[in-house]
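As structure tokens, the structure follows; a few thoughts come after it.
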Amino acid sequence: MNIGVCASKYVGYELLKFIFNEKQNVSFVVTSEGDDYENVIVDLCKQNNVDCHNGLDINSKEFIELNKRHSIDLIFMLWFPTIVKKPSLKSVKTGFINLHPSYIPWNRGMHPYYWAIVDGSKAGTTIHFIDENIDEGNILFQKEIDSFITDTGESLYIKNLEETIRLFKDNYENILNSNYELKGVDNSDGSFHLAKDIRKHSEIQLNKSYKAIDLINIIRARTFNNGDSSFFKFNDKKYNVRISIEEDRNDN
């Protein structure tokens with residue numbers, strides 16, 4: 001089987017290392033321009049004598065021609081941020097396989113960790129084929145992830161990274177051997193969110209009434225040590241809000 005890999009971030013780097021260690025013949029690797037892991041992914045490719053295309057647009061004619069020249073069967077999208085358009089999708093024989101950090105059909109799109117907490121929907125990770133719609137391609141494998149009241153968006157994100165890596169490794173040979181039963185995506189009971197949705201939802205309105213649990217969930221869902229958080233505005237100033245929740249094991 002002729003495969004290509006589009007890899008970015010920590011997950012992409014770790015899984016590309018795994019694929020190389022499995023002695024799989026990789027025709028080429030594409031990196032995401034500006035990615036924090038781009039340089040280490042490039043170095044990894046050099047160590048394994050694999051052609052690496054830095055920041056190549058995966059919807060370009062060059063990429064399509066690359067797929068055709070190598071007779072690519074399968075492209076692994078390993079934490080890669082770019083939406084694949086129809087001409088590129090049609091340029092490979094079997095398809096593009098993506099990793100999405102939610103239990104599809106719930107929380108398709110952006111920031112699934114946040115929405116899993118505030119909606120109380122299933123958290124998880126999914127390996128699926130890409131089609132022309134966002135996160136709607138047929139599902140190969142899924143894993144639900146437990147979420148607790150003590151979890152924050154950051155802790156759920158970390159759990160997801162670990163489970164995504166594990167799910168891919170556990171099913172890598174199954175994917176190569178087409179040993180899976182595809183499941184279609186039923187969106188009637190699912191959800192989808194755009195990147196812009198999170199800011200409005202996580203702004204705390206000081207004159208609004210909230211159930212205590214709803215307010216706690218909004219704050220903890222956006223609690224990361226670094227980066228944006230929930231916030232409120234007071235006297236023309238913005239204030240960020242984070243939370244830490246610990247079980248009191250001494251409570252009788």
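Ordering of the structure tokens sets the chain letters (A, B, ...); residue numbers start at 1 within each chain; ligands are numbered from 1 in the order shown.
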Self-check item: Test item: residues at most 12 Å from Met77 of chain A, only C-alpha atoms, excluding those fewer than 4 positions along its chain, as an MDAnalysis selection string
Solution: chainID A and resid 3:9 11:13 15:16 29:32 58 81:84 89 95:100 127:130 168
Exercise. If you run DSSP over the backbone, which residues in segment 30-85 of chain A end up strand (DSSP E)? Put them as JSON, numbers by chain.
Key: {"A": [30, 31, 52, 53, 74, 75, 76, 77, 78]}
Resulting file, chosen residues, N, CA and C atoms, as a PDB file, in the first residue's frame:
ATOM      1  N   VAL A  30       3.880  15.619   4.561  1.00  0.00           N
ATOM      2  CA  VAL A  30       3.612  17.048   4.427  1.00  0.00           C
ATOM      3  C   VAL A  30       3.501  17.647   5.825  1.00  0.00           C
ATOM      4  N   THR A  31       4.166  18.775   6.046  1.00  0.00           N
ATOM      5  CA  THR A  31       4.068  19.473   7.326  1.00  0.00           C
ATOM      6  C   THR A  31       3.163  20.686   7.195  1.00  0.00           C
ATOM      7  N   CYS A  52      10.038  15.010   2.480  1.00  0.00           N
ATOM      8  CA  CYS A  52       9.174  15.871   3.299  1.00  0.00           C
ATOM      9  C   CYS A  52       8.916  17.181   2.574  1.00  0.00           C
ATOM     10  N   HIS A  53       7.648  17.566   2.493  1.00  0.00           N
ATOM     11  CA  HIS A  53       7.242  18.796   1.818  1.00  0.00           C
ATOM     12  C   HIS A  53       6.760  19.789   2.874  1.00  0.00           C
ATOM     13  N   LEU A  74      -3.642   5.831   0.302  1.00  0.00           N
ATOM     14  CA  LEU A  74      -4.193   6.333   1.556  1.00  0.00           C
ATOM     15  C   LEU A  74      -3.347   7.483   2.088  1.00  0.00           C
ATOM     16  N   ILE A  75      -4.029   8.524   2.548  1.00  0.00           N
ATOM     17  CA  ILE A  75      -3.366   9.640   3.236  1.00  0.00           C
ATOM     18  C   ILE A  75      -3.812   9.639   4.693  1.00  0.00           C
ATOM     19  N   PHE A  76      -2.848   9.623   5.618  1.00  0.00           N
ATOM     20  CA  PHE A  76      -3.159   9.781   7.035  1.00  0.00           C
ATOM     21  C   PHE A  76      -3.055  11.261   7.397  1.00  0.00           C
ATOM     22  N   MET A  77      -4.144  11.807   7.904  1.00  0.00           N
ATOM     23  CA  MET A  77      -4.182  13.184   8.394  1.00  0.00           C
ATOM     24  C   MET A  77      -3.988  13.137   9.907  1.00  0.00           C
ATOM     25  N   LEU A  78      -2.766  13.347  10.341  1.00  0.00           N
ATOM     26  CA  LEU A  78      -2.411  13.191  11.743  1.00  0.00           C
ATOM     27  C   LEU A  78      -2.353  14.544  12.431  1.00  0.00           C
TER      28      LEU A  78
END
Do a neighbour search on Leu167 of chain A at 12 Å with only C-alpha atoms, toss out local chain neighbours closer than 5 positions, and write the hits as a PDB file with N, CA and C atoms, in the first residue's frame.
ATOM      1  N   VAL A  11       0.688  15.115  18.383  1.00  0.00           N
ATOM      2  CA  VAL A  11       0.081  13.858  17.951  1.00  0.00           C
ATOM      3  C   VAL A  11       0.657  13.416  16.604  1.00  0.00           C
ATOM      4  N   LEU A  15       2.794   9.907  16.174  1.00  0.00           N
ATOM      5  CA  LEU A  15       2.263   8.846  15.313  1.00  0.00           C
ATOM      6  C   LEU A  15       3.123   8.633  14.071  1.00  0.00           C
ATOM      7  N   LEU A  99      -8.061  12.057  12.158  1.00  0.00           N
ATOM      8  CA  LEU A  99      -8.254  11.871  13.597  1.00  0.00           C
ATOM      9  C   LEU A  99      -9.011  13.084  14.114  1.00  0.00           C
ATOM     10  N   HIS A 100     -10.175  12.855  14.701  1.00  0.00           N
ATOM     11  CA  HIS A 100     -10.929  13.994  15.246  1.00  0.00           C
ATOM     12  C   HIS A 100     -11.152  13.789  16.738  1.00  0.00           C
ATOM     13  N   PRO A 101     -10.851  14.806  17.551  1.00  0.00           N
ATOM     14  CA  PRO A 101     -10.893  14.647  19.003  1.00  0.00           C
ATOM     15  C   PRO A 101     -12.287  14.800  19.605  1.00  0.00           C
ATOM     16  N   GLY A 124     -14.697  11.973  23.467  1.00  0.00           N
ATOM     17  CA  GLY A 124     -14.041  10.825  22.874  1.00  0.00           C
ATOM     18  C   GLY A 124     -13.168  11.200  21.713  1.00  0.00           C
ATOM     19  N   THR A 125     -12.730  10.191  20.996  1.00  0.00           N
ATOM     20  CA  THR A 125     -11.890  10.398  19.822  1.00  0.00           C
ATOM     21  C   THR A 125     -12.342   9.465  18.714  1.00  0.00           C
ATOM     22  N   THR A 126     -12.174   9.889  17.466  1.00  0.00           N
ATOM     23  CA  THR A 126     -12.707   9.159  16.319  1.00  0.00           C
ATOM     24  C   THR A 126     -11.688   9.123  15.191  1.00  0.00           C
ATOM     25  N   ILE A 127     -11.559   7.944  14.575  1.00  0.00           N
ATOM     26  CA  ILE A 127     -10.802   7.796  13.333  1.00  0.00           C
ATOM     27  C   ILE A 127     -11.821   7.620  12.219  1.00  0.00           C
ATOM     28  N   HIS A 128     -11.779   8.496  11.219  1.00  0.00           N
ATOM     29  CA  HIS A 128     -12.804   8.454  10.190  1.00  0.00           C
ATOM     30  C   HIS A 128     -12.247   8.853   8.831  1.00  0.00           C
ATOM     31  N   LEU A 140     -14.291   4.632  11.191  1.00  0.00           N
ATOM     32  CA  LEU A 140     -13.595   3.354  11.287  1.00  0.00           C
ATOM     33  C   LEU A 140     -13.547   2.860  12.728  1.00  0.00           C
ATOM     34  N   PHE A 141     -13.082   3.742  13.634  1.00  0.00           N
ATOM     35  CA  PHE A 141     -12.930   3.360  15.037  1.00  0.00           C
ATOM     36  C   PHE A 141     -13.217   4.567  15.923  1.00  0.00           C
ATOM     37  N   GLN A 142     -13.730   4.285  17.131  1.00  0.00           N
ATOM     38  CA  GLN A 142     -14.020   5.334  18.106  1.00  0.00           C
ATOM     39  C   GLN A 142     -13.696   4.853  19.506  1.00  0.00           C
ATOM     40  N   LYS A 143     -13.432   5.809  20.392  1.00  0.00           N
ATOM     41  CA  LYS A 143     -13.236   5.493  21.804  1.00  0.00           C
ATOM     42  C   LYS A 143     -13.857   6.601  22.640  1.00  0.00           C
ATOM     43  N   GLU A 144     -14.777   6.229  23.533  1.00  0.00           N
ATOM     44  CA  GLU A 144     -15.350   7.212  24.450  1.00  0.00           C
ATOM     45  C   GLU A 144     -14.375   7.462  25.590  1.00  0.00           C
ATOM     46  N   ILE A 145     -14.338   8.695  26.067  1.00  0.00           N
ATOM     47  CA  ILE A 145     -13.432   9.089  27.140  1.00  0.00           C
ATOM     48  C   ILE A 145     -14.257   9.561  28.337  1.00  0.00           C
ATOM     49  N   ASN A 160      -7.492  13.266  25.739  1.00  0.00           N
ATOM     50  CA  ASN A 160      -7.825  13.009  24.349  1.00  0.00           C
ATOM     51  C   ASN A 160      -6.574  12.739  23.522  1.00  0.00           C
ATOM     52  N   LEU A 161      -5.519  13.510  23.750  1.00  0.00           N
ATOM     53  CA  LEU A 161      -4.264  13.257  23.049  1.00  0.00           C
ATOM     54  C   LEU A 161      -3.801  11.824  23.285  1.00  0.00           C
ATOM     55  N   GLU A 162      -3.824  11.407  24.540  1.00  0.00           N
ATOM     56  CA  GLU A 162      -3.352  10.069  24.889  1.00  0.00           C
ATOM     57  C   GLU A 162      -4.214   8.985  24.250  1.00  0.00           C
ATOM     58  N   TYR A 172      -3.800   0.416  13.808  1.00  0.00           N
ATOM     59  CA  TYR A 172      -2.998   0.728  12.623  1.00  0.00           C
ATOM     60  C   TYR A 172      -3.003  -0.423  11.614  1.00  0.00           C
ATOM     61  N   GLU A 173      -2.718  -1.618  12.071  1.00  0.00           N
ATOM     62  CA  GLU A 173      -2.705  -2.774  11.165  1.00  0.00           C
ATOM     63  C   GLU A 173      -4.097  -3.042  10.605  1.00  0.00           C
ATOM     64  N   ASN A 174      -5.124  -2.841  11.418  1.00  0.00           N
ATOM     65  CA  ASN A 174      -6.505  -3.020  10.935  1.00  0.00           C
ATOM     66  C   ASN A 174      -6.808  -2.063   9.788  1.00  0.00           C
ATOM     67  N   ILE A 175      -6.304  -0.838   9.911  1.00  0.00           N
ATOM     68  CA  ILE A 175      -6.535   0.152   8.858  1.00  0.00           C
ATOM     69  C   ILE A 175      -5.833  -0.274   7.567  1.00  0.00           C
TER      70      ILE A 175
END
Practice problem: Could you tell me how far atom CA of Lys200 of chain A lies from atom CA of Tyr103 of chain A, in Å and to one decimal? | Solution: 23.5 Å
Exercise. Taking the DSSP assignment computed from this structure's backbone, write out as a ChimeraX atom specification all residues of segment 107-252 of chain A that belong to helix (DSSP H, G or I).
Key: /A:112-119,153-176,187-189,197-202,212-221
Quiz item: Do you have the atom CA of Ser244 of chain A-atom CA of Ala212 of chain A distance handy?
Solution: 15.1 Å
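Between atom CA of His111 of chain A and atom CA of Ala123 of chain A the interatomic distance comes to 11.4 Å.
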Exercise. May I ask which of the residues A:Asp189, A:Asp151, A:Glu247, A:Glu14 is the closest one to Ser121 of chain A, counting only C-alpha atoms?
Key: A:Asp189
Quiz prompt | Close residues, Gly190 of chain A itself excluded, 10 Å, only C-alpha atoms, min 5 positions apart in chain, as a list in words | solution = Tyr103, Ile104, Pro105, Trp106, Asn107, Arg108, Ser121, Lys122 and Val185 of chain A
Exercise. Give me the residues within 9 Å of Asn217 of chain A as a ChimeraX atom specification, counting only C-alpha atoms and dropping any in the same chain fewer than 2 places off.
Key: /A:114,117-119,149,152,212-215,219-222
